[in-house]
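Participant: Please find run_25.txt (compact mmCIF, N, CA and C atoms) on the next line:
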# COMPACT_ATOMS: atom_id res chain seq x y z
N MET W 1 15.73 -0.04 5.83
CA MET W 1 14.81 0.80 5.07
C MET W 1 13.42 0.67 5.71
N ASP W 2 12.74 1.79 5.90
CA ASP W 2 11.43 1.76 6.53
C ASP W 2 10.37 1.17 5.59
N MET W 3 9.24 0.78 6.15
CA MET W 3 8.19 0.09 5.38
C MET W 3 7.59 0.95 4.28
N ILE W 4 7.37 2.22 4.55
CA ILE W 4 6.74 3.09 3.54
C ILE W 4 7.68 3.27 2.35
N THR W 5 8.98 3.43 2.61
CA THR W 5 9.94 3.56 1.52
C THR W 5 9.98 2.28 0.69
N ARG W 6 10.01 1.12 1.35
CA ARG W 6 10.01 -0.15 0.60
C ARG W 6 8.73 -0.33 -0.19
N LEU W 7 7.60 0.02 0.40
CA LEU W 7 6.32 -0.08 -0.29
C LEU W 7 6.30 0.83 -1.51
N THR W 8 6.78 2.06 -1.36
CA THR W 8 6.82 3.01 -2.46
C THR W 8 7.73 2.53 -3.58
N GLN W 9 8.92 2.06 -3.22
CA GLN W 9 9.85 1.57 -4.23
C GLN W 9 9.27 0.37 -4.99
N TRP W 10 8.56 -0.48 -4.29
CA TRP W 10 7.93 -1.63 -4.93
C TRP W 10 6.85 -1.18 -5.91
N LEU W 11 6.01 -0.23 -5.49
CA LEU W 11 4.92 0.25 -6.36
C LEU W 11 5.45 0.89 -7.63
N THR W 12 6.62 1.51 -7.57
CA THR W 12 7.19 2.14 -8.77
C THR W 12 7.56 1.12 -9.84
N GLN W 13 7.60 -0.16 -9.50
CA GLN W 13 7.90 -1.20 -10.48
C GLN W 13 6.70 -1.51 -11.39
N TRP W 14 5.52 -1.09 -11.01
CA TRP W 14 4.34 -1.31 -11.84
C TRP W 14 4.40 -0.39 -13.05
N HIS W 15 4.12 -0.92 -14.23
CA HIS W 15 4.24 -0.15 -15.48
C HIS W 15 3.37 1.10 -15.49
N GLY W 16 2.24 1.11 -14.82
CA GLY W 16 1.36 2.27 -14.79
C GLY W 16 1.81 3.38 -13.86
N TRP W 17 2.80 3.08 -13.03
CA TRP W 17 3.26 4.07 -12.06
C TRP W 17 3.98 5.24 -12.72
N ASP W 18 4.36 5.08 -13.97
CA ASP W 18 5.04 6.18 -14.68
C ASP W 18 4.14 7.40 -14.83
N LYS W 19 2.86 7.24 -14.57
CA LYS W 19 1.90 8.35 -14.57
C LYS W 19 2.13 9.27 -13.36
N ILE W 20 2.70 8.72 -12.29
CA ILE W 20 2.90 9.46 -11.05
C ILE W 20 4.16 10.31 -11.14
N ARG W 21 4.03 11.59 -10.80
CA ARG W 21 5.16 12.52 -10.88
C ARG W 21 5.78 12.80 -9.51
N LYS W 22 4.98 12.71 -8.45
CA LYS W 22 5.49 13.02 -7.11
C LYS W 22 4.86 12.07 -6.10
N SER W 23 5.70 11.61 -5.19
CA SER W 23 5.25 10.68 -4.16
C SER W 23 5.86 11.08 -2.83
N GLN W 24 5.08 11.01 -1.76
CA GLN W 24 5.62 11.30 -0.45
C GLN W 24 4.83 10.55 0.61
N ALA W 25 5.39 10.45 1.78
CA ALA W 25 4.74 9.76 2.88
C ALA W 25 3.89 10.73 3.68
N ASP W 26 2.72 10.27 4.06
CA ASP W 26 1.87 10.95 5.04
C ASP W 26 1.51 12.39 4.70
N GLY W 27 1.22 12.66 3.46
CA GLY W 27 0.78 13.99 3.05
C GLY W 27 0.73 14.09 1.55
N LEU W 28 -0.39 14.49 1.01
CA LEU W 28 -0.56 14.51 -0.44
C LEU W 28 -0.25 15.90 -0.99
N PRO W 29 0.70 15.99 -1.94
CA PRO W 29 0.98 17.28 -2.57
C PRO W 29 -0.24 17.78 -3.36
N GLU W 30 -0.30 19.06 -3.59
CA GLU W 30 -1.41 19.67 -4.33
C GLU W 30 -1.30 19.47 -5.84
N THR W 31 -0.20 18.95 -6.31
CA THR W 31 0.03 18.81 -7.74
C THR W 31 -0.67 17.57 -8.29
N PRO W 32 -1.06 17.62 -9.57
CA PRO W 32 -1.68 16.43 -10.17
C PRO W 32 -0.67 15.30 -10.31
N PHE W 33 -1.18 14.09 -10.40
CA PHE W 33 -0.37 12.88 -10.55
C PHE W 33 0.59 12.69 -9.38
N SER W 34 0.05 12.91 -8.18
CA SER W 34 0.86 12.74 -6.96
C SER W 34 0.22 11.67 -6.07
N VAL W 35 1.06 11.10 -5.20
CA VAL W 35 0.64 10.00 -4.34
C VAL W 35 1.15 10.23 -2.92
N SER W 36 0.35 9.85 -1.96
CA SER W 36 0.77 9.83 -0.57
C SER W 36 0.47 8.44 -0.01
N ILE W 37 1.44 7.89 0.69
CA ILE W 37 1.24 6.61 1.37
C ILE W 37 1.27 6.89 2.87
N ARG W 38 0.13 6.61 3.52
CA ARG W 38 -0.02 6.92 4.94
C ARG W 38 -0.16 5.64 5.75
N PRO W 39 0.54 5.56 6.86
CA PRO W 39 0.32 4.40 7.74
C PRO W 39 -1.05 4.53 8.41
N CYS W 40 -1.74 3.40 8.51
CA CYS W 40 -3.08 3.40 9.12
C CYS W 40 -3.19 2.41 10.27
N GLY W 41 -2.08 2.03 10.82
CA GLY W 41 -2.13 1.21 12.02
C GLY W 41 -1.57 -0.19 11.85
N VAL W 42 -1.38 -0.81 13.00
CA VAL W 42 -0.86 -2.16 13.09
C VAL W 42 -1.80 -2.95 13.98
N CYS W 43 -2.09 -4.17 13.58
CA CYS W 43 -2.99 -5.02 14.35
C CYS W 43 -2.31 -6.37 14.59
N GLU W 44 -2.27 -6.80 15.83
CA GLU W 44 -1.73 -8.12 16.15
C GLU W 44 -2.84 -9.14 15.92
N LEU W 45 -2.56 -10.14 15.08
CA LEU W 45 -3.54 -11.16 14.76
C LEU W 45 -3.38 -12.43 15.59
N GLU W 46 -2.14 -12.80 15.86
CA GLU W 46 -1.82 -14.00 16.64
C GLU W 46 -0.52 -13.80 17.38
N ARG W 47 -0.36 -14.59 18.47
CA ARG W 47 0.90 -14.54 19.22
C ARG W 47 1.21 -15.95 19.71
N HIS W 48 2.46 -16.35 19.46
CA HIS W 48 2.95 -17.65 19.94
C HIS W 48 4.22 -17.40 20.74
N CYS W 49 4.26 -17.94 21.96
CA CYS W 49 5.42 -17.77 22.84
C CYS W 49 6.09 -19.12 23.05
N SER W 50 7.41 -19.12 23.03
CA SER W 50 8.16 -20.35 23.32
C SER W 50 8.51 -20.38 24.80
N ILE W 51 8.97 -21.53 25.28
CA ILE W 51 9.35 -21.64 26.68
C ILE W 51 10.61 -20.83 26.99
N LEU W 52 11.32 -20.41 25.95
CA LEU W 52 12.51 -19.57 26.12
C LEU W 52 12.17 -18.09 26.19
N GLY W 53 10.91 -17.75 25.99
CA GLY W 53 10.50 -16.36 26.04
C GLY W 53 10.46 -15.67 24.68
N ASP W 54 10.81 -16.40 23.62
CA ASP W 54 10.74 -15.83 22.28
C ASP W 54 9.28 -15.75 21.84
N VAL W 55 8.96 -14.74 21.07
CA VAL W 55 7.58 -14.51 20.64
C VAL W 55 7.55 -14.36 19.12
N ILE W 56 6.61 -15.03 18.50
CA ILE W 56 6.33 -14.83 17.07
C ILE W 56 4.91 -14.30 16.99
N MET W 57 4.78 -13.12 16.39
CA MET W 57 3.46 -12.51 16.25
C MET W 57 3.10 -12.41 14.78
N ARG W 58 1.84 -12.67 14.48
CA ARG W 58 1.29 -12.42 13.15
C ARG W 58 0.71 -11.02 13.21
N ILE W 59 1.19 -10.13 12.32
CA ILE W 59 0.85 -8.71 12.34
C ILE W 59 0.17 -8.31 11.03
N ARG W 60 -0.77 -7.39 11.12
CA ARG W 60 -1.34 -6.78 9.91
C ARG W 60 -1.04 -5.29 9.95
N TYR W 61 -0.30 -4.84 8.92
CA TYR W 61 -0.03 -3.42 8.72
C TYR W 61 -1.02 -2.90 7.69
N SER W 62 -1.56 -1.72 7.92
CA SER W 62 -2.50 -1.11 6.97
C SER W 62 -1.95 0.23 6.50
N PHE W 63 -2.11 0.48 5.21
CA PHE W 63 -1.66 1.73 4.60
C PHE W 63 -2.79 2.29 3.74
N LEU W 64 -2.92 3.60 3.72
CA LEU W 64 -3.85 4.28 2.84
C LEU W 64 -3.03 4.95 1.75
N VAL W 65 -3.34 4.62 0.51
CA VAL W 65 -2.67 5.24 -0.63
C VAL W 65 -3.65 6.25 -1.21
N GLU W 66 -3.27 7.52 -1.16
CA GLU W 66 -4.08 8.59 -1.73
C GLU W 66 -3.43 9.03 -3.03
N ILE W 67 -4.25 9.23 -4.04
CA ILE W 67 -3.75 9.55 -5.37
C ILE W 67 -4.54 10.74 -5.91
N ARG W 68 -3.83 11.74 -6.41
CA ARG W 68 -4.47 12.90 -7.03
C ARG W 68 -4.21 12.83 -8.53
N LEU W 69 -5.29 12.74 -9.30
CA LEU W 69 -5.19 12.68 -10.76
C LEU W 69 -6.03 13.79 -11.37
N GLU W 70 -5.71 14.15 -12.61
CA GLU W 70 -6.51 15.15 -13.31
C GLU W 70 -7.84 14.54 -13.73
N LYS W 71 -8.91 15.29 -13.53
CA LYS W 71 -10.24 14.87 -13.98
C LYS W 71 -11.20 16.03 -13.76
N SER W 72 -11.73 16.54 -14.82
CA SER W 72 -12.72 17.60 -14.72
C SER W 72 -14.08 16.98 -14.45
N TYR W 73 -14.91 17.72 -13.74
CA TYR W 73 -16.25 17.25 -13.44
C TYR W 73 -17.00 17.00 -14.75
N GLY W 74 -17.55 15.82 -14.90
CA GLY W 74 -18.31 15.47 -16.10
C GLY W 74 -17.48 14.89 -17.23
N ASP W 75 -16.15 14.81 -17.09
CA ASP W 75 -15.26 14.28 -18.12
C ASP W 75 -15.31 12.75 -18.06
N LYS W 76 -16.16 12.16 -18.89
CA LYS W 76 -16.39 10.71 -18.84
C LYS W 76 -15.18 9.91 -19.31
N GLN W 77 -14.46 10.39 -20.31
CA GLN W 77 -13.31 9.65 -20.82
C GLN W 77 -12.19 9.55 -19.79
N THR W 78 -11.86 10.68 -19.15
CA THR W 78 -10.82 10.66 -18.13
C THR W 78 -11.27 9.86 -16.92
N ALA W 79 -12.54 9.95 -16.59
CA ALA W 79 -13.07 9.16 -15.48
C ALA W 79 -12.87 7.67 -15.74
N LEU W 80 -13.16 7.23 -16.95
CA LEU W 80 -12.99 5.83 -17.32
C LEU W 80 -11.51 5.44 -17.27
N GLU W 81 -10.63 6.28 -17.79
CA GLU W 81 -9.19 5.99 -17.76
C GLU W 81 -8.66 5.91 -16.33
N ASN W 82 -9.08 6.83 -15.47
CA ASN W 82 -8.63 6.81 -14.08
C ASN W 82 -9.15 5.58 -13.35
N ALA W 83 -10.41 5.23 -13.59
CA ALA W 83 -10.98 4.04 -12.95
C ALA W 83 -10.24 2.78 -13.39
N GLU W 84 -9.94 2.68 -14.66
CA GLU W 84 -9.20 1.52 -15.17
C GLU W 84 -7.79 1.48 -14.59
N TRP W 85 -7.16 2.64 -14.46
CA TRP W 85 -5.83 2.72 -13.87
C TRP W 85 -5.86 2.21 -12.43
N MET W 86 -6.86 2.65 -11.66
CA MET W 86 -6.99 2.20 -10.27
C MET W 86 -7.21 0.70 -10.18
N LEU W 87 -8.06 0.17 -11.04
CA LEU W 87 -8.31 -1.27 -11.04
C LEU W 87 -7.06 -2.06 -11.40
N GLN W 88 -6.32 -1.58 -12.39
CA GLN W 88 -5.09 -2.27 -12.79
C GLN W 88 -4.04 -2.23 -11.69
N LEU W 89 -3.94 -1.12 -10.98
CA LEU W 89 -3.00 -1.02 -9.87
C LEU W 89 -3.35 -2.05 -8.79
N GLN W 90 -4.62 -2.11 -8.43
CA GLN W 90 -5.04 -3.07 -7.41
C GLN W 90 -4.81 -4.51 -7.87
N TYR W 91 -5.09 -4.79 -9.13
CA TYR W 91 -4.88 -6.12 -9.68
C TYR W 91 -3.40 -6.48 -9.61
N TRP W 92 -2.52 -5.55 -9.99
CA TRP W 92 -1.08 -5.81 -9.97
C TRP W 92 -0.60 -6.08 -8.55
N ILE W 93 -1.04 -5.28 -7.59
CA ILE W 93 -0.64 -5.50 -6.19
C ILE W 93 -1.08 -6.87 -5.71
N ASN W 94 -2.33 -7.23 -5.99
CA ASN W 94 -2.84 -8.54 -5.56
C ASN W 94 -2.12 -9.68 -6.27
N GLN W 95 -1.83 -9.51 -7.54
CA GLN W 95 -1.10 -10.52 -8.29
C GLN W 95 0.31 -10.70 -7.72
N GLN W 96 0.99 -9.60 -7.45
CA GLN W 96 2.32 -9.66 -6.86
C GLN W 96 2.27 -10.31 -5.48
N GLY W 97 1.22 -10.02 -4.73
CA GLY W 97 1.07 -10.57 -3.39
C GLY W 97 0.85 -12.08 -3.39
N MET W 98 0.34 -12.63 -4.47
CA MET W 98 0.12 -14.08 -4.55
C MET W 98 1.41 -14.83 -4.85
N GLY W 99 2.35 -14.17 -5.49
CA GLY W 99 3.60 -14.82 -5.86
C GLY W 99 4.73 -14.42 -4.94
N ALA W 100 5.92 -14.71 -5.36
CA ALA W 100 7.11 -14.39 -4.57
C ALA W 100 7.75 -13.08 -5.02
N THR W 101 7.02 -12.27 -5.78
CA THR W 101 7.61 -11.06 -6.35
C THR W 101 7.40 -9.82 -5.48
N ALA W 102 6.50 -9.88 -4.52
CA ALA W 102 6.27 -8.75 -3.62
C ALA W 102 7.38 -8.71 -2.57
N PRO W 103 7.68 -7.53 -2.04
CA PRO W 103 8.71 -7.44 -1.01
C PRO W 103 8.27 -8.15 0.27
N ARG W 104 9.25 -8.58 1.04
CA ARG W 104 8.96 -9.20 2.34
C ARG W 104 9.11 -8.14 3.42
N PHE W 105 8.13 -8.09 4.30
CA PHE W 105 8.15 -7.10 5.36
C PHE W 105 8.38 -7.72 6.73
N GLY W 106 8.19 -9.03 6.83
CA GLY W 106 8.31 -9.69 8.12
C GLY W 106 9.49 -10.63 8.18
N ALA W 107 9.43 -11.53 9.15
CA ALA W 107 10.49 -12.51 9.36
C ALA W 107 9.86 -13.90 9.36
N GLY W 108 10.68 -14.89 9.20
CA GLY W 108 10.20 -16.26 9.25
C GLY W 108 9.83 -16.78 7.88
N GLU W 109 9.40 -18.01 7.89
CA GLU W 109 9.10 -18.71 6.65
C GLU W 109 7.63 -18.64 6.24
N GLN W 110 6.76 -18.23 7.14
CA GLN W 110 5.34 -18.22 6.82
C GLN W 110 5.05 -17.22 5.71
N LYS W 111 4.15 -17.58 4.83
CA LYS W 111 3.79 -16.75 3.69
C LYS W 111 3.24 -15.40 4.14
N GLU W 112 3.68 -14.37 3.45
CA GLU W 112 3.13 -13.04 3.68
C GLU W 112 1.96 -12.82 2.75
N VAL W 113 1.06 -11.99 3.17
CA VAL W 113 -0.12 -11.66 2.37
C VAL W 113 -0.12 -10.15 2.16
N ILE W 114 -0.11 -9.73 0.89
CA ILE W 114 -0.19 -8.31 0.56
C ILE W 114 -1.41 -8.14 -0.34
N LYS W 115 -2.31 -7.23 0.07
CA LYS W 115 -3.55 -7.03 -0.69
C LYS W 115 -3.85 -5.56 -0.87
N ALA W 116 -4.46 -5.25 -2.01
CA ALA W 116 -5.00 -3.92 -2.26
C ALA W 116 -6.51 -4.05 -2.30
N GLU W 117 -7.19 -3.15 -1.62
CA GLU W 117 -8.64 -3.23 -1.53
C GLU W 117 -9.26 -1.83 -1.53
N ASN W 118 -10.53 -1.79 -1.85
CA ASN W 118 -11.37 -0.61 -1.66
C ASN W 118 -10.91 0.61 -2.44
N GLY W 119 -10.38 0.43 -3.64
CA GLY W 119 -10.00 1.56 -4.47
C GLY W 119 -11.24 2.33 -4.90
N THR W 120 -11.21 3.64 -4.68
CA THR W 120 -12.38 4.45 -5.00
C THR W 120 -11.99 5.90 -5.22
N MET W 121 -12.84 6.61 -5.94
CA MET W 121 -12.68 8.06 -6.06
C MET W 121 -13.42 8.68 -4.89
N THR W 122 -12.78 9.63 -4.23
CA THR W 122 -13.42 10.25 -3.07
C THR W 122 -13.98 11.63 -3.36
N THR W 123 -13.27 12.44 -4.16
CA THR W 123 -13.75 13.79 -4.48
C THR W 123 -13.26 14.24 -5.85
N VAL W 124 -13.99 15.19 -6.40
CA VAL W 124 -13.56 15.91 -7.60
C VAL W 124 -13.71 17.39 -7.27
N ASP W 125 -12.65 18.17 -7.50
CA ASP W 125 -12.75 19.59 -7.18
C ASP W 125 -12.92 20.42 -8.44
N ARG W 126 -13.17 21.69 -8.27
CA ARG W 126 -13.43 22.59 -9.40
C ARG W 126 -12.19 22.89 -10.22
N GLU W 127 -11.02 22.62 -9.66
CA GLU W 127 -9.77 22.88 -10.37
C GLU W 127 -9.39 21.75 -11.32
N GLY W 128 -10.24 20.74 -11.43
CA GLY W 128 -9.98 19.64 -12.35
C GLY W 128 -9.13 18.53 -11.77
N MET W 129 -9.20 18.33 -10.47
CA MET W 129 -8.46 17.27 -9.81
C MET W 129 -9.44 16.31 -9.14
N ALA W 130 -9.09 15.04 -9.17
CA ALA W 130 -9.88 14.02 -8.48
C ALA W 130 -8.99 13.31 -7.48
N MET W 131 -9.55 13.00 -6.34
CA MET W 131 -8.84 12.26 -5.29
C MET W 131 -9.33 10.82 -5.31
N TYR W 132 -8.37 9.91 -5.32
CA TYR W 132 -8.66 8.48 -5.26
C TYR W 132 -7.92 7.92 -4.06
N GLN W 133 -8.39 6.80 -3.57
CA GLN W 133 -7.66 6.13 -2.51
C GLN W 133 -7.88 4.64 -2.58
N LEU W 134 -6.92 3.92 -2.03
CA LEU W 134 -7.05 2.48 -1.87
C LEU W 134 -6.29 2.08 -0.63
N GLN W 135 -6.64 0.94 -0.10
CA GLN W 135 -6.00 0.43 1.10
C GLN W 135 -5.10 -0.73 0.74
N ILE W 136 -3.90 -0.73 1.30
CA ILE W 136 -2.98 -1.85 1.15
C ILE W 136 -2.77 -2.44 2.54
N THR W 137 -2.94 -3.76 2.64
CA THR W 137 -2.67 -4.45 3.89
C THR W 137 -1.56 -5.46 3.68
N VAL W 138 -0.72 -5.58 4.69
CA VAL W 138 0.37 -6.53 4.69
C VAL W 138 0.25 -7.37 5.95
N GLU W 139 0.14 -8.69 5.78
CA GLU W 139 0.15 -9.60 6.92
C GLU W 139 1.45 -10.37 6.90
N CYS W 140 2.16 -10.34 8.02
CA CYS W 140 3.46 -11.00 8.10
C CYS W 140 3.76 -11.37 9.54
N ASN W 141 4.82 -12.12 9.72
CA ASN W 141 5.28 -12.49 11.06
C ASN W 141 6.39 -11.57 11.51
N GLN W 142 6.38 -11.28 12.80
CA GLN W 142 7.48 -10.56 13.44
C GLN W 142 7.99 -11.44 14.57
N GLU W 143 9.30 -11.56 14.67
CA GLU W 143 9.91 -12.39 15.71
C GLU W 143 10.59 -11.48 16.73
N TYR W 144 10.39 -11.81 18.00
CA TYR W 144 11.02 -11.08 19.09
C TYR W 144 11.74 -12.10 19.96
N ARG W 145 13.02 -11.94 20.11
CA ARG W 145 13.85 -12.86 20.90
C ARG W 145 14.02 -12.30 22.31
N GLU W 146 14.16 -13.18 23.28
CA GLU W 146 14.31 -12.80 24.69
C GLU W 146 15.43 -11.77 24.87
N GLU W 147 16.54 -11.92 24.14
CA GLU W 147 17.66 -11.00 24.31
C GLU W 147 17.36 -9.60 23.80
N GLN W 148 16.33 -9.44 22.98
CA GLN W 148 15.96 -8.11 22.46
C GLN W 148 15.27 -7.28 23.55
N TYR W 149 14.73 -7.90 24.58
CA TYR W 149 13.98 -7.19 25.60
C TYR W 149 14.88 -6.50 26.63
N GLU W 150 16.13 -6.90 26.68
CA GLU W 150 17.03 -6.39 27.74
C GLU W 150 17.65 -5.08 27.37
Could you show the structure in this file as structure tokens?
Facilitator:
Amino acid sequence: MDMITRLTQWLTQWHGWDKIRKSQADGLPETPFSVSIRPCGVCELERHCSILGDVIMRIRYSFLVEIRLEKSYGDKQTALENAEWMLQLQYWINQQGMGATAPRFGAGEQKEVIKAENGTMTTVDREGMAMYQLQITVECNQEYREEQYE
């Protein structure tokens, strides 16, 4: 199963996710209560090589989660509800990332780190929709064995 599918399936376990009606990878639908999870790159943090040619790399994967929710310009109550929803989602992701309940994306015994950061509203349009986004990062180990290179 690919990383975006696993990430999406994991997020659906949060009790607030029932607000979301449509989810897809790398493109946000025009409908309200929709989510897009976009890959935002991979960064190698560390590399350890054995004398046998095996490599263990510490990797950081970044994802942008875009969320379209209903919110009319000037609607203070919905703005407060959406802001609280975003904060609770980030809190849940970070809480899951501290324990053993988050999915594992890498290999090896080293602890994985999953974090949600920078949740914010980016735009409000005249049709009564607001765009929100947050970043999810996953730090994990990837193992590459000499026989995989052949």
Participant: Enumerate, as an MDAnalysis selection string, the complete set of residues in region 95-149 of chain W that a backbone-based DSSP assignment places in alpha helix (DSSP H).
Facilitator: chainID W and resid 95:98
Participant: Measuring between all atoms listed in the file, which one of W:Cys140, W:Met131, W:Leu7, W:Ile51 shows the shortest distance to Ile114 (chain W)?
Facilitator: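 Among W:Cys140, W:Met131, W:Leu7, W:Ile51, it is W:Cys140 that comes nearest to Ile114 (chain W).
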Participant: Have a look at W:Ala130, W:Ile136, W:Met98, W:Ala83 and name the one nearest to Lys115 (chain W); count only N, CA and C atoms.
Facilitator: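 Closest candidate: W:Ile136.
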Participant: Find the residues around Leu89 (chain W) up to 8 Å (all atoms listed in the file counted), leave out those fewer than 6 positions away in its own chain, and share them as a list in words.
Facilitator: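 Residues near the query, excluding close chain neighbours: Trp14, Gly16, Trp17, Ala83, Gln95 and Ala116 of chain W.
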Participant: Mind pulling up the distance from CA of Cys43 (chain W) to CA of Thr5 (chain W)?
Facilitator: 20.1 Å
Participant: Name the closest residue to Gly119 (chain W) among the candidates W:Ala102, W:Ala107, W:Leu87, W:Cys40; distances are taken between atoms, counting all atoms listed in the file.
Facilitator: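 Comparing W:Ala102, W:Ala107, W:Leu87, W:Cys40 against Gly119 (chain W), the winner is W:Leu87.
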Participant: Got a sec to tell me which of region 19-130 of chain W DSSP assigns to strand (DSSP E), as a ChimeraX atom specification?
Facilitator: /W:22-25,34-49,55-70,113-124,129-130
Participant: Go ahead and save the picked residues with N, CA and C atoms, as a short mmCIF file (atom, residue, chain, number, x, y, z; two decimals), in the coordinates of the input.
Facilitator:
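The resulting again19.cif:
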data_model
loop_
_atom_site.label_atom_id
_atom_site.label_comp_id
_atom_site.auth_asym_id
_atom_site.auth_seq_id
_atom_site.Cartn_x
_atom_site.Cartn_y
_atom_site.Cartn_z
N LYS W 22 4.98 12.71 -8.45
CA LYS W 22 5.49 13.02 -7.11
C LYS W 22 4.86 12.07 -6.10
N SER W 23 5.70 11.61 -5.19
CA SER W 23 5.25 10.68 -4.16
C SER W 23 5.86 11.08 -2.83
N GLN W 24 5.08 11.01 -1.76
CA GLN W 24 5.62 11.30 -0.45
C GLN W 24 4.83 10.55 0.61
N ALA W 25 5.39 10.45 1.78
CA ALA W 25 4.74 9.76 2.88
C ALA W 25 3.89 10.73 3.68
N SER W 34 0.05 12.91 -8.18
CA SER W 34 0.86 12.74 -6.96
C SER W 34 0.22 11.67 -6.07
N VAL W 35 1.06 11.10 -5.20
CA VAL W 35 0.64 10.00 -4.34
C VAL W 35 1.15 10.23 -2.92
N SER W 36 0.35 9.85 -1.96
CA SER W 36 0.77 9.83 -0.57
C SER W 36 0.47 8.44 -0.01
N ILE W 37 1.44 7.89 0.69
CA ILE W 37 1.24 6.61 1.37
C ILE W 37 1.27 6.89 2.87
N ARG W 38 0.13 6.61 3.52
CA ARG W 38 -0.02 6.92 4.94
C ARG W 38 -0.16 5.64 5.75
N PRO W 39 0.54 5.56 6.86
CA PRO W 39 0.32 4.40 7.74
C PRO W 39 -1.05 4.53 8.41
N CYS W 40 -1.74 3.40 8.51
CA CYS W 40 -3.08 3.40 9.12
C CYS W 40 -3.19 2.41 10.27
N GLY W 41 -2.08 2.03 10.82
CA GLY W 41 -2.13 1.21 12.02
C GLY W 41 -1.57 -0.19 11.85
N VAL W 42 -1.38 -0.81 13.00
CA VAL W 42 -0.86 -2.16 13.09
C VAL W 42 -1.80 -2.95 13.98
N CYS W 43 -2.09 -4.17 13.58
CA CYS W 43 -2.99 -5.02 14.35
C CYS W 43 -2.31 -6.37 14.59
N GLU W 44 -2.27 -6.80 15.83
CA GLU W 44 -1.73 -8.12 16.15
C GLU W 44 -2.84 -9.14 15.92
N LEU W 45 -2.56 -10.14 15.08
CA LEU W 45 -3.54 -11.16 14.76
C LEU W 45 -3.38 -12.43 15.59
N GLU W 46 -2.14 -12.80 15.86
CA GLU W 46 -1.82 -14.00 16.64
C GLU W 46 -0.52 -13.80 17.38
N ARG W 47 -0.36 -14.59 18.47
CA ARG W 47 0.90 -14.54 19.22
C ARG W 47 1.21 -15.95 19.71
N HIS W 48 2.46 -16.35 19.46
CA HIS W 48 2.95 -17.65 19.94
C HIS W 48 4.22 -17.40 20.74
N CYS W 49 4.26 -17.94 21.96
CA CYS W 49 5.42 -17.77 22.84
C CYS W 49 6.09 -19.12 23.05
N VAL W 55 8.96 -14.74 21.07
CA VAL W 55 7.58 -14.51 20.64
C VAL W 55 7.55 -14.36 19.12
N ILE W 56 6.61 -15.03 18.50
CA ILE W 56 6.33 -14.83 17.07
C ILE W 56 4.91 -14.30 16.99
N MET W 57 4.78 -13.12 16.39
CA MET W 57 3.46 -12.51 16.25
C MET W 57 3.10 -12.41 14.78
N ARG W 58 1.84 -12.67 14.48
CA ARG W 58 1.29 -12.42 13.15
C ARG W 58 0.71 -11.02 13.21
N ILE W 59 1.19 -10.13 12.32
CA ILE W 59 0.85 -8.71 12.34
C ILE W 59 0.17 -8.31 11.03
N ARG W 60 -0.77 -7.39 11.12
CA ARG W 60 -1.34 -6.78 9.91
C ARG W 60 -1.04 -5.29 9.95
N TYR W 61 -0.30 -4.84 8.92
CA TYR W 61 -0.03 -3.42 8.72
C TYR W 61 -1.02 -2.90 7.69
N SER W 62 -1.56 -1.72 7.92
CA SER W 62 -2.50 -1.11 6.97
C SER W 62 -1.95 0.23 6.50
N PHE W 63 -2.11 0.48 5.21
CA PHE W 63 -1.66 1.73 4.60
C PHE W 63 -2.79 2.29 3.74
N LEU W 64 -2.92 3.60 3.72
CA LEU W 64 -3.85 4.28 2.84
C LEU W 64 -3.03 4.95 1.75
N VAL W 65 -3.34 4.62 0.51
CA VAL W 65 -2.67 5.24 -0.63
C VAL W 65 -3.65 6.25 -1.21
N GLU W 66 -3.27 7.52 -1.16
CA GLU W 66 -4.08 8.59 -1.73
C GLU W 66 -3.43 9.03 -3.03
N ILE W 67 -4.25 9.23 -4.04
CA ILE W 67 -3.75 9.55 -5.37
C ILE W 67 -4.54 10.74 -5.91
N ARG W 68 -3.83 11.74 -6.41
CA ARG W 68 -4.47 12.90 -7.03
C ARG W 68 -4.21 12.83 -8.53
N LEU W 69 -5.29 12.74 -9.30
CA LEU W 69 -5.19 12.68 -10.76
C LEU W 69 -6.03 13.79 -11.37
N GLU W 70 -5.71 14.15 -12.61
CA GLU W 70 -6.51 15.15 -13.31
C GLU W 70 -7.84 14.54 -13.73
N VAL W 113 1.06 -11.99 3.17
CA VAL W 113 -0.12 -11.66 2.37
C VAL W 113 -0.12 -10.15 2.16
N ILE W 114 -0.11 -9.73 0.89
CA ILE W 114 -0.19 -8.31 0.56
C ILE W 114 -1.41 -8.14 -0.34
N LYS W 115 -2.31 -7.23 0.07
CA LYS W 115 -3.55 -7.03 -0.69
C LYS W 115 -3.85 -5.56 -0.87
N ALA W 116 -4.46 -5.25 -2.01
CA ALA W 116 -5.00 -3.92 -2.26
C ALA W 116 -6.51 -4.05 -2.30
N GLU W 117 -7.19 -3.15 -1.62
CA GLU W 117 -8.64 -3.23 -1.53
C GLU W 117 -9.26 -1.83 -1.53
N ASN W 118 -10.53 -1.79 -1.85
CA ASN W 118 -11.37 -0.61 -1.66
C ASN W 118 -10.91 0.61 -2.44
N GLY W 119 -10.38 0.43 -3.64
CA GLY W 119 -10.00 1.56 -4.47
C GLY W 119 -11.24 2.33 -4.90
N THR W 120 -11.21 3.64 -4.68
CA THR W 120 -12.38 4.45 -5.00
C THR W 120 -11.99 5.90 -5.22
N MET W 121 -12.84 6.61 -5.94
CA MET W 121 -12.68 8.06 -6.06
C MET W 121 -13.42 8.68 -4.89
N THR W 122 -12.78 9.63 -4.23
CA THR W 122 -13.42 10.25 -3.07
C THR W 122 -13.98 11.63 -3.36
N THR W 123 -13.27 12.44 -4.16
CA THR W 123 -13.75 13.79 -4.48
C THR W 123 -13.26 14.24 -5.85
N VAL W 124 -13.99 15.19 -6.40
CA VAL W 124 -13.56 15.91 -7.60
C VAL W 124 -13.71 17.39 -7.27
N MET W 129 -9.20 18.33 -10.47
CA MET W 129 -8.46 17.27 -9.81
C MET W 129 -9.44 16.31 -9.14
N ALA W 130 -9.09 15.04 -9.17
CA ALA W 130 -9.88 14.02 -8.48
C ALA W 130 -8.99 13.31 -7.48
#
Participant: Return the single residue from W:Glu70, W:Gln110, W:His48, W:Gly41 that is closest to Met129 (chain W), with distances computed using all atoms listed in the file.
Facilitator: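 Closest residue, counting all atoms listed in the file: W:Glu70.
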